[in-house]
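*Asks:* Structure provided below as structure tokens; questions to follow.
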Amino acid sequence: MGNNGLSKVTVIGAGNIGGTLAQRLAESDVAGEVVLFDIVEGLPQGKALDIQESAPVVGFSTRISGSTRLEEAVEGADLVILTAGLARKPGMSRSDLLGRNAQIVRGHAEAIREKAPHAVVIVVTNPVDVMAYHVWKTTGFPRERVIAESGTLDSARFRWFVAEALGVTPRDVVGFTLGTHGDTMVPVLSHCSVNGVPVTRLLPPEKLKAIVERTKKGGGEIVELLKTGSAYYAPSAAQLEMALAVARNEHRLISCSVLLDGEFGFKDVFLSVPVVVGRNGFSRIHEIELTPEERKALESSAKAVQEDLKLLAMMPL
Ligand code: APR
């Protein structure tokens, strides 16, 4: 479909995130075909049919189907988005979750390697920066074609909190977070602006500090409100932002988690950094200047992911 769309996009996992993302993708009309895959028989088929039946009213042409057959679902896909996984349950340790999700994601990565060897892969399953590394290793794909969502979602939350504090439309707030998708993420105040006016000139330091803290805990705030389950509207919107950048070859400069090879002083670790995203994944990493404080925070971020990668390396997967 040239620069304005893809033939086939596969969404792995038809849960809250996968289902909502499939709907957003279908409604964006950027793919001839969207396939939703899950291990629960009937779930991807049911959600796909439900979304498909909205087409005459919403007005999209995308064909959407559901499947529980992995190889068929990913075969020939141009873009695969991995959202399948378990959420952390009471009594489950961090390393239990990491191990379980790594196992799930590994099977998907192997199928992608065999059946969609030219695909761009977007990783969403948590802990996302670690899962992205695992997917990259398992597929053996060039690093440009494995990108993970964390920066796009956290940046959306960050931008909204700034917009809310200033009473301006969120469309005019530009800015991003770097690092991990977790407590050590780095909302970058030094590069956040309202159409070019630095936020540091518009809001007092205490307010900015509060926004940074709220952004870091953004996922937890939603979990606390929902009580069972976690966020999926903003996450799926952030994933769509990445998917559109790929599908339309937009060359967007957005914050995505990618494998670093010396950039920002880190190697062999996935972290969210500003990258240019288009049809072949990411093409460039922009090593922007950070304040000493932000730099220090990014180091803590890298350390946290590296610790998890060590755990992953010790697991018999
Ligand atoms: N293959 C395919 N699908 C699977 C597998 C598997 N091996 N294991 C689990 N799933 C599916 C589940 O059946 C479920 O439909 O993954 C889906 C997960 O959906 P939800 O529990 O609703 O979780 P969701 O909120 O969508 O989050 C998915 O994204 O942000 C991350 O932390 C989040 O890792 C989680 C993932």
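Following the order of the structure tokens, chains are lettered A, B, ..., residues in each are numbered from 1, and ligands are numbered from 1.
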Apply DSSP to the backbone of this structure and, from segment 104-293 of chain A, keep only the residues in strand (DSSP E or B); write these as a PyMOL selection string.
*Replies:* chain A and resi 120-123+146-148+173-174+177-179+186-187+193-194+197-198+252-261+267-278+281-285
*Asks:* Can you tell me, as a PyMOL selection string, what residues are no more than 7 Å from Ser193 of chain A when counting only C-alpha atoms, ignoring any on the same chain fewer than 3 positions away?
*Replies:* chain A and resi 173-175+196-199
*Asks:* Next, write the just-selected residues to a file, as a PDB file, in the first residue's frame, keeping C-alpha atoms as the atom set.
*Replies:*
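And here's again17.pdb as it stands now:
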```pdb
ATOM      1  CA  VAL A 173       2.078  20.849  24.553  1.00  0.00           C
ATOM      2  CA  VAL A 174       5.158  19.142  23.195  1.00  0.00           C
ATOM      3  CA  GLY A 175       7.513  17.111  25.293  1.00  0.00           C
ATOM      4  CA  GLY A 196       8.008  26.569  21.813  1.00  0.00           C
ATOM      5  CA  VAL A 197       7.537  28.462  25.095  1.00  0.00           C
ATOM      6  CA  PRO A 198       9.462  26.467  27.739  1.00  0.00           C
ATOM      7  CA  VAL A 199       7.197  25.164  30.527  1.00  0.00           C
TER       8      VAL A 199
END
```
*Asks:* What does the list of residues within 6 Å of ligand 1 look like if you count only C-alpha atoms and all ligand atoms, written as a list in words?
*Replies:*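 Within the 6 Å cut-off, the matching residues are Gly13, Ala14, Gly15, Asn16, Ile17, Gly18, Asp38, Ile39, Val40, Thr83, Ala84, Gly85, Leu86, Ala87, Ile104, Val124, Thr125, Asn126, Ser230 and Tyr232 of chain A.
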*Asks:* Any chance you can output those residues with N, CA, C and O atoms as a compact mmCIF listing (two decimals), in the first residue's frame?
*Replies:*
```txt
# COMPACT_ATOMS: atom_id res chain seq x y z
N GLY A 13 -2.63 -10.69 21.25
CA GLY A 13 -3.27 -10.41 22.54
C GLY A 13 -4.53 -9.60 22.29
O GLY A 13 -4.47 -8.49 21.74
N ALA A 14 -5.68 -10.20 22.66
CA ALA A 14 -6.96 -9.51 22.41
C ALA A 14 -7.60 -9.08 23.72
O ALA A 14 -8.81 -9.11 23.88
N GLY A 15 -6.76 -8.70 24.66
CA GLY A 15 -7.27 -8.22 25.95
C GLY A 15 -7.73 -6.78 25.84
O GLY A 15 -8.12 -6.32 24.75
N ASN A 16 -7.68 -6.07 26.96
CA ASN A 16 -8.13 -4.67 26.96
C ASN A 16 -7.31 -3.83 25.98
O ASN A 16 -7.86 -3.05 25.21
N ILE A 17 -6.00 -4.00 26.06
CA ILE A 17 -5.15 -3.18 25.19
C ILE A 17 -5.27 -3.64 23.73
O ILE A 17 -5.53 -2.84 22.83
N GLY A 18 -5.11 -4.93 23.50
CA GLY A 18 -5.14 -5.45 22.12
C GLY A 18 -6.46 -5.14 21.43
O GLY A 18 -6.49 -4.73 20.27
N ASP A 38 -5.26 -14.33 19.92
CA ASP A 38 -5.22 -14.60 21.36
C ASP A 38 -5.25 -16.12 21.55
O ASP A 38 -5.58 -16.86 20.61
N ILE A 39 -4.92 -16.58 22.76
CA ILE A 39 -5.02 -18.02 23.00
C ILE A 39 -6.42 -18.41 23.46
O ILE A 39 -6.76 -19.59 23.48
N VAL A 40 -7.21 -17.46 23.86
CA VAL A 40 -8.56 -17.79 24.34
C VAL A 40 -9.51 -17.89 23.15
O VAL A 40 -9.79 -16.89 22.47
N THR A 83 0.93 -7.44 22.52
CA THR A 83 0.28 -6.96 23.74
C THR A 83 -0.09 -8.11 24.67
O THR A 83 -0.67 -7.88 25.73
N ALA A 84 0.20 -9.35 24.28
CA ALA A 84 -0.22 -10.49 25.11
C ALA A 84 0.65 -10.59 26.35
O ALA A 84 1.85 -10.32 26.30
N GLY A 85 0.05 -11.00 27.43
CA GLY A 85 0.84 -11.21 28.63
C GLY A 85 -0.03 -11.26 29.85
O GLY A 85 -1.24 -11.07 29.77
N LEU A 86 0.61 -11.54 30.96
CA LEU A 86 -0.12 -11.60 32.21
C LEU A 86 0.10 -10.29 32.97
O LEU A 86 1.16 -9.68 32.85
N ALA A 87 -0.89 -9.92 33.72
CA ALA A 87 -0.71 -8.77 34.61
C ALA A 87 -0.20 -9.33 35.93
O ALA A 87 -0.44 -10.50 36.24
N ILE A 104 5.88 -16.22 27.19
CA ILE A 104 4.76 -15.94 26.27
C ILE A 104 5.29 -15.21 25.03
O ILE A 104 5.03 -15.60 23.88
N VAL A 124 4.70 -4.20 23.61
CA VAL A 124 3.91 -3.51 24.62
C VAL A 124 3.91 -4.28 25.95
O VAL A 124 3.84 -3.69 27.03
N THR A 125 4.01 -5.60 25.86
CA THR A 125 3.95 -6.45 27.06
C THR A 125 4.98 -6.00 28.11
O THR A 125 6.14 -5.76 27.79
N ASN A 126 4.54 -5.95 29.34
CA ASN A 126 5.42 -5.51 30.44
C ASN A 126 6.20 -6.66 31.08
O ASN A 126 5.73 -7.78 31.04
N SER A 230 -5.85 -2.52 34.48
CA SER A 230 -4.97 -1.36 34.31
C SER A 230 -5.37 -0.58 33.06
O SER A 230 -6.29 -0.96 32.34
N TYR A 232 -5.86 1.24 29.51
CA TYR A 232 -5.77 0.80 28.11
C TYR A 232 -6.20 1.83 27.07
O TYR A 232 -5.84 1.71 25.91
```
*Asks:* List as a list in words the protein and nucleic acid residues near Leu98 of chain A, meaning an atom at most 12 Å away when only C-alpha atoms are counted, but skip any in the same chain fewer than 6 places from it.
*Replies:*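 Listed by chain and then number, they are Gly85, Leu86, Ala87, Arg88, Met92, Ile104, Val105, Arg106, Thr125, Asn126, Pro127, Val128, Asp129, Val130, Met131, Ala132, His134, Val305, Glu307, Asp308, Leu309, Lys310, Leu311, Leu312, Ala313, Met314, Met315 and Leu317 of chain A.
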*Asks:* My list of candidates is A:Glu287, A:Glu293, A:Phe37, A:Arg100. Which is closest to Arg69 of chain A when distances are computed with only C-alpha atoms?
*Replies:*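 Residue with the minimum atom-to-atom distance to Arg69 of chain A: A:Phe37.
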*Asks:* Hey, what does DSSP flag as helix (DSSP H, G or I) within segment 6-186 of chain A? Can you give it to me as a ChimeraX atom specification?
*Replies:* /A:16-28,43-52,55-58,70-74,94-115,128-139,143-145,151-166,170-172
*Asks:* Please provide the set of residues having any atom within 12 Å of Glu72 of chain A, restricted to only C-alpha atoms, with same-chain residues fewer than 2 positions apart removed, written as a list in words.
*Replies:*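 Returned residues: Lys8, Thr10, Ile12, Val35, Leu36, Phe37, Ser65, Gly66, Ser67, Thr68, Arg69, Leu70, Val74, Glu75, Gly76, Ala77, His108, Ala111, Ile112, Glu114, Lys115 and Ala116 of chain A.
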*Asks:* Quick one: residues within 10 Å of Glu263 of chain A, only C-alpha atoms counted, chain neighbours fewer than 6 positions away excluded, as number ranges by chain?
*Replies:* A: 273, 285-287
*Asks:* State, in Å with one decimal place, the distance from atom CA of Gly219 of chain A to atom CA of Leu97 of chain A.
*Replies:*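 Atom CA of Leu97 of chain A lies 16.9 Å from atom CA of Gly219 of chain A.
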*Asks:* Which residues are close to Val188 of chain A, i.e. within 12 Å by only C-alpha atoms, leaving aside same-chain residues fewer than 2 positions away? Reply as a short mmCIF file (atom, residue, chain, number, x, y, z; two decimals) with all heavy atoms, in the first residue's frame.
*Replies:*
```cif
data_model
loop_
_atom_site.label_atom_id
_atom_site.label_comp_id
_atom_site.auth_asym_id
_atom_site.auth_seq_id
_atom_site.Cartn_x
_atom_site.Cartn_y
_atom_site.Cartn_z
N GLY A 151 7.82 5.34 26.11
CA GLY A 151 7.93 6.79 25.99
C GLY A 151 6.69 7.44 25.42
O GLY A 151 6.27 8.51 25.90
N ASP A 154 3.97 7.43 28.28
CA ASP A 154 4.33 8.30 29.41
C ASP A 154 4.38 9.77 28.97
O ASP A 154 4.01 10.66 29.74
CB ASP A 154 5.68 7.86 30.00
CG ASP A 154 5.62 6.43 30.52
OD1 ASP A 154 4.54 6.02 31.00
OD2 ASP A 154 6.62 5.69 30.41
N SER A 155 4.80 10.00 27.73
CA SER A 155 4.84 11.37 27.22
C SER A 155 3.42 11.93 27.09
O SER A 155 3.19 13.12 27.34
CB SER A 155 5.50 11.43 25.83
OG SER A 155 6.78 10.89 25.89
N PHE A 158 2.34 12.94 30.53
CA PHE A 158 3.12 14.13 30.89
C PHE A 158 2.52 15.37 30.22
O PHE A 158 2.26 16.40 30.86
CB PHE A 158 4.56 13.88 30.41
CG PHE A 158 5.56 14.95 30.69
CD1 PHE A 158 5.61 15.62 31.91
CD2 PHE A 158 6.52 15.28 29.73
CE1 PHE A 158 6.57 16.58 32.17
CE2 PHE A 158 7.48 16.24 29.97
CZ PHE A 158 7.51 16.90 31.19
N ARG A 159 2.26 15.28 28.91
CA ARG A 159 1.74 16.41 28.16
C ARG A 159 0.35 16.81 28.66
O ARG A 159 0.00 17.99 28.71
CB ARG A 159 1.71 16.08 26.67
CG ARG A 159 3.10 16.02 26.06
CD ARG A 159 3.08 15.35 24.70
NE ARG A 159 2.25 16.07 23.75
CZ ARG A 159 1.74 15.51 22.64
NH1 ARG A 159 1.99 14.24 22.36
NH2 ARG A 159 1.00 16.23 21.82
N VAL A 162 0.60 18.76 31.93
CA VAL A 162 1.08 20.13 31.68
C VAL A 162 -0.08 20.97 31.11
O VAL A 162 -0.33 22.10 31.54
CB VAL A 162 2.29 20.14 30.72
CG1 VAL A 162 2.60 21.55 30.25
CG2 VAL A 162 3.51 19.52 31.40
N VAL A 174 4.22 20.13 23.73
CA VAL A 174 5.16 19.14 23.19
C VAL A 174 6.16 18.80 24.29
O VAL A 174 6.52 19.64 25.12
CB VAL A 174 5.91 19.64 21.93
CG1 VAL A 174 4.98 19.70 20.74
CG2 VAL A 174 6.55 20.99 22.16
N GLY A 175 6.57 17.54 24.27
CA GLY A 175 7.51 17.11 25.29
C GLY A 175 7.53 15.61 25.36
O GLY A 175 6.70 14.94 24.74
N PHE A 176 8.47 15.07 26.09
CA PHE A 176 8.55 13.60 26.18
C PHE A 176 9.22 13.14 27.45
O PHE A 176 9.84 13.93 28.17
CB PHE A 176 9.26 13.01 24.96
CG PHE A 176 10.49 13.76 24.56
CD1 PHE A 176 11.66 13.60 25.25
CD2 PHE A 176 10.45 14.65 23.48
CE1 PHE A 176 12.80 14.30 24.89
CE2 PHE A 176 11.59 15.36 23.11
CZ PHE A 176 12.77 15.17 23.82
N THR A 177 9.06 11.85 27.69
CA THR A 177 9.75 11.20 28.80
C THR A 177 10.78 10.26 28.19
O THR A 177 10.59 9.76 27.08
CB THR A 177 8.78 10.38 29.67
OG1 THR A 177 8.32 9.27 28.90
CG2 THR A 177 7.59 11.20 30.14
N LEU A 178 11.84 10.03 28.93
CA LEU A 178 12.88 9.10 28.48
C LEU A 178 13.04 8.00 29.51
O LEU A 178 12.45 8.04 30.60
CB LEU A 178 14.21 9.83 28.32
CG LEU A 178 14.24 11.05 27.40
CD1 LEU A 178 15.66 11.63 27.35
CD2 LEU A 178 13.79 10.69 26.00
N GLY A 179 13.87 7.01 29.17
CA GLY A 179 14.22 5.98 30.15
C GLY A 179 13.26 4.81 30.16
O GLY A 179 12.78 4.38 29.12
N MET A 185 11.40 6.42 35.22
CA MET A 185 11.27 7.16 33.96
C MET A 185 11.69 8.63 34.16
O MET A 185 11.68 9.14 35.27
CB MET A 185 9.83 7.09 33.42
CG MET A 185 8.91 8.07 34.06
SD MET A 185 7.27 8.11 33.36
CE MET A 185 6.58 6.53 33.78
N VAL A 186 12.04 9.28 33.05
CA VAL A 186 12.54 10.65 33.14
C VAL A 186 11.68 11.62 32.31
O VAL A 186 11.89 11.76 31.12
CB VAL A 186 14.00 10.72 32.62
CG1 VAL A 186 14.61 12.08 32.93
CG2 VAL A 186 14.85 9.59 33.18
N SER A 190 13.25 20.00 30.62
CA SER A 190 14.10 20.95 29.89
C SER A 190 13.74 21.03 28.40
O SER A 190 14.16 21.96 27.72
CB SER A 190 15.57 20.59 30.05
OG SER A 190 15.83 19.33 29.49
N HIS A 191 12.99 20.05 27.89
CA HIS A 191 12.59 20.10 26.47
C HIS A 191 11.08 20.12 26.30
O HIS A 191 10.57 19.75 25.25
CB HIS A 191 13.17 18.90 25.71
CG HIS A 191 14.65 18.98 25.54
ND1 HIS A 191 15.24 19.75 24.56
CD2 HIS A 191 15.65 18.41 26.24
CE1 HIS A 191 16.56 19.63 24.66
NE2 HIS A 191 16.84 18.83 25.67
N CYS A 192 10.37 20.49 27.36
CA CYS A 192 8.90 20.52 27.27
C CYS A 192 8.46 21.98 27.06
O CYS A 192 8.93 22.87 27.76
CB CYS A 192 8.31 19.97 28.57
SG CYS A 192 6.52 19.91 28.54
N SER A 193 7.60 22.16 26.08
CA SER A 193 7.18 23.54 25.80
C SER A 193 5.72 23.59 25.34
O SER A 193 5.14 22.57 24.98
CB SER A 193 8.06 24.15 24.70
OG SER A 193 7.66 23.69 23.43
N PRO A 198 9.08 27.49 26.76
CA PRO A 198 9.46 26.47 27.74
C PRO A 198 8.51 26.44 28.94
O PRO A 198 8.17 27.51 29.47
CB PRO A 198 10.87 26.91 28.17
CG PRO A 198 11.36 27.82 27.11
CD PRO A 198 10.15 28.46 26.49
N VAL A 199 8.11 25.24 29.37
CA VAL A 199 7.20 25.16 30.53
C VAL A 199 7.86 25.69 31.78
O VAL A 199 7.19 26.14 32.70
CB VAL A 199 6.69 23.73 30.83
CG1 VAL A 199 5.61 23.33 29.89
CG2 VAL A 199 7.79 22.73 30.90
N THR A 200 9.19 25.62 31.81
CA THR A 200 9.91 26.12 32.99
C THR A 200 9.69 27.63 33.15
O THR A 200 9.95 28.17 34.21
CB THR A 200 11.41 25.81 32.85
OG1 THR A 200 11.82 26.17 31.54
CG2 THR A 200 11.71 24.35 33.09
N LEU A 208 5.84 22.02 38.66
CA LEU A 208 6.54 21.15 37.69
C LEU A 208 6.98 19.85 38.36
O LEU A 208 6.87 18.77 37.78
CB LEU A 208 7.75 21.89 37.10
CG LEU A 208 7.40 23.06 36.17
CD1 LEU A 208 8.65 23.85 35.82
CD2 LEU A 208 6.73 22.55 34.90
N LYS A 209 7.43 19.98 39.59
CA LYS A 209 7.88 18.79 40.32
C LYS A 209 6.70 17.83 40.52
O LYS A 209 6.82 16.62 40.37
CB LYS A 209 8.45 19.24 41.67
CG LYS A 209 9.28 18.18 42.32
CD LYS A 209 10.14 18.73 43.45
CE LYS A 209 10.77 17.55 44.17
NZ LYS A 209 10.42 17.47 45.57
N ILE A 211 4.07 17.57 38.67
CA ILE A 211 3.71 16.97 37.38
C ILE A 211 4.65 15.81 37.05
O ILE A 211 4.22 14.74 36.60
CB ILE A 211 3.74 18.04 36.25
CG1 ILE A 211 2.53 18.97 36.42
CG2 ILE A 211 3.75 17.40 34.87
CD1 ILE A 211 2.49 20.14 35.46
N VAL A 212 5.92 16.02 37.31
CA VAL A 212 6.90 14.95 37.07
C VAL A 212 6.56 13.72 37.91
O VAL A 212 6.51 12.59 37.41
CB VAL A 212 8.35 15.45 37.37
CG1 VAL A 212 9.32 14.30 37.49
CG2 VAL A 212 8.79 16.43 36.28
N GLU A 213 6.26 13.94 39.18
CA GLU A 213 5.94 12.82 40.07
C GLU A 213 4.65 12.11 39.64
O GLU A 213 4.57 10.88 39.63
CB GLU A 213 5.79 13.30 41.53
CG GLU A 213 7.12 13.63 42.18
CD GLU A 213 8.19 12.56 41.97
OE1 GLU A 213 7.93 11.39 42.27
OE2 GLU A 213 9.29 12.90 41.47
N THR A 215 3.41 11.98 36.64
CA THR A 215 3.68 11.26 35.40
C THR A 215 4.32 9.91 35.70
O THR A 215 3.93 8.88 35.16
CB THR A 215 4.62 12.08 34.49
OG1 THR A 215 4.03 13.36 34.27
CG2 THR A 215 4.86 11.38 33.17
N LYS A 216 5.30 9.93 36.61
CA LYS A 216 6.00 8.68 36.95
C LYS A 216 5.05 7.63 37.51
O LYS A 216 5.25 6.45 37.34
CB LYS A 216 7.07 8.97 37.99
CG LYS A 216 8.28 9.71 37.46
CD LYS A 216 9.29 9.74 38.57
CE LYS A 216 10.48 10.57 38.25
NZ LYS A 216 11.42 10.60 39.37
N SER A 255 9.31 9.51 21.39
CA SER A 255 10.13 8.77 22.36
C SER A 255 9.69 7.31 22.39
O SER A 255 8.57 6.99 22.80
CB SER A 255 9.94 9.40 23.74
OG SER A 255 10.52 8.58 24.72
N SER A 272 13.73 4.25 26.46
CA SER A 272 13.05 5.23 25.62
C SER A 272 13.94 6.45 25.40
O SER A 272 14.46 7.03 26.36
CB SER A 272 11.73 5.67 26.27
OG SER A 272 10.74 4.70 26.00
N VAL A 273 14.10 6.77 24.14
CA VAL A 273 14.90 7.93 23.72
C VAL A 273 14.20 8.54 22.51
O VAL A 273 13.36 7.89 21.89
CB VAL A 273 16.36 7.50 23.34
CG1 VAL A 273 17.15 7.06 24.56
CG2 VAL A 273 16.37 6.42 22.27
N PRO A 274 14.54 9.77 22.14
CA PRO A 274 13.89 10.37 20.97
C PRO A 274 14.40 9.72 19.68
O PRO A 274 15.61 9.75 19.42
CB PRO A 274 14.30 11.85 21.03
CG PRO A 274 14.95 12.05 22.36
CD PRO A 274 15.45 10.73 22.81
N ILE A 288 19.78 14.17 22.55
CA ILE A 288 19.54 15.54 23.00
C ILE A 288 20.32 15.83 24.29
O ILE A 288 20.67 14.92 25.02
CB ILE A 288 18.04 15.79 23.26
CG1 ILE A 288 17.51 14.73 24.24
CG2 ILE A 288 17.26 15.78 21.96
CD1 ILE A 288 16.22 15.11 24.88
N GLU A 289 20.53 17.12 24.52
CA GLU A 289 21.24 17.53 25.73
C GLU A 289 20.29 17.43 26.94
O GLU A 289 19.12 17.82 26.82
CB GLU A 289 21.68 18.97 25.55
CG GLU A 289 23.01 19.26 26.18
CD GLU A 289 23.41 20.68 25.85
OE1 GLU A 289 23.76 20.95 24.68
OE2 GLU A 289 23.34 21.51 26.77
N LEU A 290 20.80 16.95 28.04
CA LEU A 290 19.98 16.85 29.25
C LEU A 290 20.62 17.66 30.37
O LEU A 290 21.84 17.88 30.35
CB LEU A 290 19.88 15.38 29.69
CG LEU A 290 19.23 14.41 28.70
CD1 LEU A 290 19.36 12.97 29.19
CD2 LEU A 290 17.76 14.75 28.48
N THR A 291 19.82 18.06 31.35
CA THR A 291 20.40 18.73 32.52
C THR A 291 21.11 17.65 33.34
O THR A 291 20.80 16.45 33.20
CB THR A 291 19.30 19.38 33.39
OG1 THR A 291 18.47 18.32 33.91
CG2 THR A 291 18.45 20.34 32.60
N PRO A 292 22.05 18.04 34.23
CA PRO A 292 22.74 17.03 35.04
C PRO A 292 21.75 16.17 35.83
O PRO A 292 21.95 14.95 35.98
CB PRO A 292 23.61 17.87 35.98
CG PRO A 292 23.81 19.17 35.27
CD PRO A 292 22.57 19.40 34.45
N GLU A 293 20.67 16.77 36.29
CA GLU A 293 19.67 16.01 37.06
C GLU A 293 18.98 14.96 36.19
O GLU A 293 18.79 13.80 36.59
CB GLU A 293 18.64 17.01 37.58
CG GLU A 293 18.02 16.62 38.87
CD GLU A 293 17.05 17.70 39.34
OE1 GLU A 293 16.25 18.18 38.51
OE2 GLU A 293 17.12 18.04 40.52
N GLU A 294 18.59 15.38 34.98
CA GLU A 294 17.92 14.45 34.05
C GLU A 294 18.88 13.33 33.65
O GLU A 294 18.51 12.17 33.52
CB GLU A 294 17.44 15.20 32.81
CG GLU A 294 16.26 16.12 33.08
CD GLU A 294 16.04 17.19 32.02
OE1 GLU A 294 16.88 17.35 31.10
OE2 GLU A 294 15.02 17.90 32.11
N ARG A 295 20.11 13.68 33.44
CA ARG A 295 21.16 12.72 33.06
C ARG A 295 21.30 11.66 34.15
O ARG A 295 21.36 10.46 33.88
CB ARG A 295 22.47 13.52 32.86
CG ARG A 295 23.70 12.76 32.67
CD ARG A 295 23.80 12.19 31.27
NE ARG A 295 24.38 10.88 31.35
CZ ARG A 295 24.40 10.00 30.38
NH1 ARG A 295 23.83 10.25 29.23
NH2 ARG A 295 24.96 8.83 30.54
N ALA A 297 19.07 10.84 36.37
CA ALA A 297 17.84 10.04 36.39
C ALA A 297 17.87 8.99 35.28
O ALA A 297 17.43 7.84 35.46
CB ALA A 297 16.63 10.95 36.25
N LEU A 298 18.40 9.36 34.12
CA LEU A 298 18.47 8.40 33.01
C LEU A 298 19.43 7.25 33.36
O LEU A 298 19.19 6.10 33.00
CB LEU A 298 18.93 9.11 31.72
CG LEU A 298 18.79 8.32 30.43
CD1 LEU A 298 17.33 7.95 30.15
CD2 LEU A 298 19.35 9.10 29.23
#
```
*Asks:* Pick the closest to Met242 of chain A from A:Ser300, A:Thr169, A:Thr180, A:Thr152: which is it, counting only C-alpha atoms?
*Replies:* A:Thr152
*Asks:* Would you please work out which residue, of A:Val11, A:Leu189, A:Leu82, A:Ile64, is nearest to Ala210 of chain A when using only C-alpha atoms?
*Replies:*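 Among A:Val11, A:Leu189, A:Leu82, A:Ile64, it is A:Leu189 that comes nearest to Ala210 of chain A.
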*Asks:* Can you tell me, as a count of residues only, what residues are no more than 9 Å from Asn280 of chain A when counting only C-alpha atoms, ignoring any on the same chain fewer than 5 positions away?
*Replies:* 6
